[in-house]
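Working notes for the structure below.
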Amino acid sequence: MAGHSKWANIQHRKSRQDASRSRLFSRLAREITVAARQGDPDPEKNPRLRLAVKEAKSSSVPKDVIERAISKASGNESDNYEEIRYEGYGPEGVAIIVETMTDNRNRTAASVRSIFSKAGGSMAETGSVAFMFERKGLVFYPEATGSADDMLEAAIEAGADDVESSDAGHEIYCDARDLNEVSNALESFLGESESSRLIWKPLSTTALGFEAAQKVLRLVEVLEENDDVQTVTANFDIPEDVMERLTA
């Protein structure tokens, strides 16, 4: 009986991982399609599309899925997606930005509002949360790419603003408008990055205790499970001791 229970748990985790992977592929393909439709279908001539394809490749999206997403836009077969940003507050007043792509803004707005409400949070007007974040470009390299000093030197040469190095890797930040240029310059110095994308970087963060972290992480998880949601960003920080309890 114990063996059966263990197998069931493994299958459950695998199903969740497969579902998460499928949602990720769908989001990345949707971004590729929209980027291709709004500009040139050639990634070399369309900075947004180039970054979208790069992000998809770094997440192991199959080549045929990427090509199908581009051709879908070229053939005018894509849905008429709108890019809409929602802002709100979660438990403990954590500020949250939700970026979506949707073909039905009423459905998406109702879904996002309901998720916030059920988690003890609330939606806010556009702009009432975004001022707590900076729109930045982020280029990520693995830790083995080079030393912190090497990465800083390359970042300065490429025109980036800042570098944060740790055992997890090197995060290189730049002005959002310069992401494509900085990413290209870094590649000439360091080789291909693991990821290049636009993000919302919190100007400050709120440290969460165990119970608050559980609530906020659950809210973020449910938001990310929504098919219309592309990204979720929040200005919280989880101390190391709390993280150890959460992952125990």
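Simple scheme: letters A, B, ... for chains in structure tokens order, numbers from 1 for residues in each chain, numbers from 1 for ligands in the order shown.
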For this session: Run DSSP on the backbone and grab whatever in region 54-199 of chain A lands in strand (DSSP E); send it over as a PyMOL selection string.
Result: chain A and resi 82-89+95-102+122-124+133-141+162-166+169-175+195-199
Writing out the chosen residues with C-alpha atoms as a short mmCIF file (atom, residue, chain, number, x, y, z; two decimals), in the first residue's frame:
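Below is the file out19.cif, written as the result:
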data_model
loop_
_atom_site.label_atom_id
_atom_site.label_comp_id
_atom_site.auth_asym_id
_atom_site.auth_seq_id
_atom_site.Cartn_x
_atom_site.Cartn_y
_atom_site.Cartn_z
CA GLU A 82 -4.22 42.08 -26.50
CA GLU A 83 -1.40 42.68 -24.04
CA ILE A 84 -2.92 43.86 -20.77
CA ARG A 85 -1.21 44.55 -17.45
CA TYR A 86 -3.05 44.12 -14.16
CA GLU A 87 -1.83 45.36 -10.79
CA GLY A 88 -2.83 44.42 -7.29
CA TYR A 89 -1.92 43.64 -3.71
CA ALA A 95 2.67 44.45 -4.65
CA ILE A 96 2.01 42.29 -7.71
CA ILE A 97 2.14 42.94 -11.46
CA VAL A 98 0.39 40.47 -13.77
CA GLU A 99 1.09 40.63 -17.50
CA THR A 100 -1.37 38.89 -19.80
CA MET A 101 -2.08 38.18 -23.44
CA THR A 102 -5.76 37.64 -24.07
CA SER A 122 -7.23 43.01 -4.16
CA MET A 123 -6.93 44.46 -7.64
CA ALA A 124 -5.60 48.00 -7.99
CA PHE A 133 9.14 48.58 -9.87
CA GLU A 134 11.56 49.47 -12.65
CA ARG A 135 11.12 48.16 -16.18
CA LYS A 136 14.50 46.61 -16.97
CA GLY A 137 16.21 44.29 -19.40
CA LEU A 138 17.73 41.18 -17.80
CA VAL A 139 20.41 39.01 -19.38
CA PHE A 140 21.33 35.87 -17.44
CA TYR A 141 24.54 33.86 -17.63
CA ASP A 162 24.37 46.70 -13.16
CA VAL A 163 25.45 43.12 -12.46
CA GLU A 164 24.39 40.88 -9.57
CA SER A 165 26.58 37.78 -9.27
CA SER A 166 25.95 34.79 -6.99
CA GLY A 169 24.60 32.86 -11.83
CA HIS A 170 25.11 36.37 -13.17
CA GLU A 171 22.16 38.74 -13.64
CA ILE A 172 23.02 41.67 -15.92
CA TYR A 173 20.56 44.56 -15.93
CA CYS A 174 20.11 47.27 -18.53
CA ASP A 175 17.60 49.87 -19.66
CA SER A 195 18.13 34.09 -21.05
CA SER A 196 17.38 37.64 -22.24
CA ARG A 197 14.05 39.23 -21.37
CA LEU A 198 12.19 42.26 -20.06
CA ILE A 199 11.28 42.23 -16.39
#
Problem set entry | Residues of region 42-239 of chain A in helix (DSSP H, G or I), written as a PyMOL selection string | chain A and resi 43-45+47-58+63-74+91-93+105-118+130-132+143-145+148-158+176-190+210-225
Exercise. Which residue out of A:Asp40, A:Asp227, A:Glu92, A:Glu240 has the minimum interatomic distance to Ala212 (chain A) when only C-alpha atoms are used?
Worked result: A:Glu92
Exercise. Skipping near chain neighbours, those fewer than 3 positions away, what residues fall within 12 Å of Ile156 (chain A) using only C-alpha atoms, listed as a PyMOL selection string?
Worked result: chain A and resi 149-153+159-163+172-174+182+185-186+189
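The space between CA of Ser188 (chain A) and CA of Glu157 (chain A) spans 10.6 Å.
Computed from the coordinates, the CA of Arg23 (chain A) to CA of Glu44 (chain A) distance equals 26.4 Å.
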